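Asker: Sending over a structure as structure tokens; questions will come in a sec.
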Amino acid sequence: LSGVVRDSGGGVLPGVIVKVVNTASGTALDVVTGADGAFSLTVPPATYRVEASLDGFEDALQVVVVARDAVTRDITLSPSRLTESVVVT
């Protein structure tokens with residue numbers, strides 16, 4: 001299972017934590033994207049939940065079915081909405 005994580009403008013995102021969870025067994029693997037935004041994991045055939053997270057961006061979630069052949073699944077992260085609160089005392 002491999003892919004590239006990009007921002008909504010198409011730029012690659014290094015340092016993204018990609019978590020791959022086997023939906024049947026619950027087994028989880030984590031990998032961090034490289035300078036080119038790429039990630040790669042060797043996983044047996046199954047259905048996986050793929051989560052990607054990076055500070056300043058909304059988390060992304062995909063469900064991926066891995067059969068016998070290698071699967072490439074790119075992920076796009078959108079900037080998170082900034083919220084600001086002011087407390088007056």
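Ordering of the structure tokens sets the chain letters (A, B, ...); residue numbers start at 1 within each chain; ligands are numbered from 1 in the order shown.
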Output as a ChimeraX atom specification all residues of chain A that backbone DSSP marks as strand (DSSP E or B).
Answerer: /A:2-7,12,17-22,28-32,38-40,46-53,57,60-66,72,75-77,79
Asker: Would you mind listing what lies within 10 Å of Leu29 in chain A as an NGL selection string, with only C-alpha atoms counted and same-chain residues fewer than 2 positions away left out?
Answerer: :A and (18-22 or 26-27 or 31 or 41-43 or 50)
Asker: Pull all heavy atoms from the residues just selected and write them as a CSV table (one decimal), in the first residue's frame.
Answerer:
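Done, and the output landed in part.csv:
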```
chain,number,residue,atom,x,y,z
A,18,VAL,N,0.8,8.5,8.7
A,18,VAL,CA,-0.2,7.7,8.0
A,18,VAL,C,-0.4,6.4,8.9
A,18,VAL,O,0.5,5.7,9.1
A,18,VAL,CB,0.2,7.4,6.6
A,18,VAL,CG1,-0.9,6.5,5.9
A,18,VAL,CG2,0.4,8.7,5.8
A,19,LYS,N,-1.6,6.2,9.4
A,19,LYS,CA,-1.9,5.0,10.2
A,19,LYS,C,-2.8,4.1,9.3
A,19,LYS,O,-3.8,4.6,8.7
A,19,LYS,CB,-2.7,5.4,11.4
A,19,LYS,CG,-3.1,4.2,12.3
A,19,LYS,CD,-3.8,4.7,13.5
A,19,LYS,CE,-2.9,4.5,14.7
A,19,LYS,NZ,-3.5,4.8,16.0
A,20,VAL,N,-2.4,2.9,9.2
A,20,VAL,CA,-3.1,1.9,8.5
A,20,VAL,C,-3.6,0.8,9.4
A,20,VAL,O,-2.9,0.2,10.1
A,20,VAL,CB,-2.2,1.2,7.4
A,20,VAL,CG1,-3.0,0.2,6.6
A,20,VAL,CG2,-1.7,2.3,6.4
A,21,VAL,N,-5.0,0.7,9.5
A,21,VAL,CA,-5.6,-0.3,10.5
A,21,VAL,C,-6.4,-1.3,9.7
A,21,VAL,O,-7.2,-1.0,8.9
A,21,VAL,CB,-6.5,0.5,11.4
A,21,VAL,CG1,-7.2,-0.5,12.4
A,21,VAL,CG2,-5.8,1.6,12.1
A,22,ASN,N,-6.0,-2.6,10.0
A,22,ASN,CA,-6.8,-3.7,9.4
A,22,ASN,C,-8.1,-3.7,10.1
A,22,ASN,O,-8.2,-3.9,11.3
A,22,ASN,CB,-6.0,-5.0,9.7
A,22,ASN,CG,-6.7,-6.2,9.1
A,22,ASN,OD1,-7.9,-6.4,9.3
A,22,ASN,ND2,-5.9,-7.0,8.4
A,26,GLY,N,-7.9,-5.3,13.6
A,26,GLY,CA,-7.5,-4.1,14.4
A,26,GLY,C,-6.0,-3.8,14.5
A,26,GLY,O,-5.6,-2.9,15.1
A,27,THR,N,-5.2,-4.7,13.8
A,27,THR,CA,-3.8,-4.4,13.8
A,27,THR,C,-3.5,-3.1,13.1
A,27,THR,O,-4.0,-2.8,12.0
A,27,THR,CB,-3.1,-5.6,13.0
A,27,THR,OG1,-3.4,-6.8,13.6
A,27,THR,CG2,-1.6,-5.4,13.0
A,31,VAL,N,3.3,5.0,9.6
A,31,VAL,CA,4.5,5.4,8.8
A,31,VAL,C,4.4,6.9,8.7
A,31,VAL,O,3.3,7.5,8.7
A,31,VAL,CB,4.5,4.6,7.4
A,31,VAL,CG1,3.3,5.0,6.6
A,31,VAL,CG2,5.8,4.8,6.7
A,41,LEU,N,3.8,0.9,2.7
A,41,LEU,CA,3.8,-0.2,3.7
A,41,LEU,C,3.5,-1.5,3.0
A,41,LEU,O,2.7,-1.5,2.0
A,41,LEU,CB,2.6,0.1,4.7
A,41,LEU,CG,2.8,1.2,5.7
A,41,LEU,CD1,1.4,1.5,6.3
A,41,LEU,CD2,3.8,0.8,6.8
A,42,THR,N,4.0,-2.6,3.4
A,42,THR,CA,3.7,-3.9,2.9
A,42,THR,C,2.7,-4.5,3.8
A,42,THR,O,2.9,-4.7,5.0
A,42,THR,CB,5.0,-4.8,2.8
A,42,THR,OG1,5.9,-4.1,2.0
A,42,THR,CG2,4.6,-6.1,2.3
A,43,VAL,N,1.5,-4.8,3.3
A,43,VAL,CA,0.4,-5.3,4.1
A,43,VAL,C,-0.2,-6.5,3.4
A,43,VAL,O,-0.3,-6.5,2.1
A,43,VAL,CB,-0.7,-4.3,4.4
A,43,VAL,CG1,-0.1,-3.2,5.3
A,43,VAL,CG2,-1.3,-3.7,3.1
A,50,VAL,N,-7.3,3.8,6.4
A,50,VAL,CA,-6.1,4.6,6.2
A,50,VAL,C,-6.4,6.0,6.7
A,50,VAL,O,-7.3,6.7,6.2
A,50,VAL,CB,-5.6,4.7,4.8
A,50,VAL,CG1,-4.4,5.5,4.7
A,50,VAL,CG2,-5.4,3.2,4.3
```
Asker: I'd like the interatomic distance between CA of Asp55 in chain A and CA of Arg73 in chain A, to a tenth of an Å.
Answerer: 21.1 Å
Asker: So which residues touch Gly10 in chain A within 12 Å, counting only C-alpha atoms, skipping near sequence neighbours fewer than 4 positions away, as a PyMOL selection string?
Answerer: chain A and resi 4-6+37+74-78
Asker: Figure out the distance between CA of Asp69 in chain A and CA of Ser53 in chain A, please, to one decimal in Å.
Answerer: 26.0 Å
Asker: Name the closest residue to Phe57 in chain A among the candidates A:Pro79, A:Pro14, A:Pro45, A:Gly3; distances are taken between atoms, counting only C-alpha atoms.
Answerer: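 The shortest atom-to-atom distance to Phe57 in chain A comes from A:Pro79.
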Asker: Could you jot down the CA of Asp7 in chain A to CA of Val32 in chain A separation for me, Å, one decimal place?
Answerer: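 Those two atoms sit 15.4 Å apart.
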Asker: Which residues, written as a list in words, have at least one atom at most 9 Å from Leu54 in chain A, with only C-alpha atoms counted and residues fewer than 6 positions away on the same chain left out?
Answerer: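 Here the qualifying residues turn out to be Leu13, Gly15, Val16, Ile17 and Leu77 of chain A.
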Asker: Suppose we keep C-alpha atoms; can you now write the selection as a CSV table (one decimal), in the first residue's frame?
Answerer:
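Below is the file result-v6.csv, written as the result:
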```csv
chain,number,residue,atom,x,y,z
A,13,LEU,CA,3.4,17.1,2.5
A,15,GLY,CA,6.0,14.5,8.0
A,16,VAL,CA,2.4,13.3,7.7
A,17,ILE,CA,1.6,10.4,10.0
A,77,LEU,CA,-5.3,17.0,3.3
```
Asker: Near Thr47 in chain A, counting only C-alpha atoms, which residues have an atom at most 7 Å away, once you skip same-chain residues fewer than 2 positions from it, shown as a count of residues only?
Answerer: 5
Asker: A:Asp36, A:Ala24, A:Asp30, A:Arg49: which is nearest Leu61 in chain A, counting only C-alpha atoms?
Answerer: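 Ranking A:Asp36, A:Ala24, A:Asp30, A:Arg49 by distance to Leu61 in chain A, first place goes to A:Arg49.
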Asker: Which residue out of A:Ser25, A:Thr33, A:Gln62, A:Thr72 has the minimum interatomic distance to Leu1 in chain A when only C-alpha atoms are used?
Answerer: A:Thr72
Asker: Could you check which of A:Ser8, A:Val88, A:Ala67, A:Ala35 is closest to Tyr48 in chain A, using only C-alpha atoms?
Answerer: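 Checking each candidate against Tyr48 in chain A, we get A:Ala67 as the closest.
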Asker: Kindly indicate which residue among A:Ser40, A:Val87, A:Ala46, A:Gly34 lies nearest to Val63 in chain A, using only C-alpha atoms for the distances.
Answerer: A:Ala46
Asker: Using only C-alpha atoms, which residue out of A:Val86, A:Ala60, A:Ala52, A:Ala38 lies closest to Ser2 in chain A?
Answerer: A:Ala38
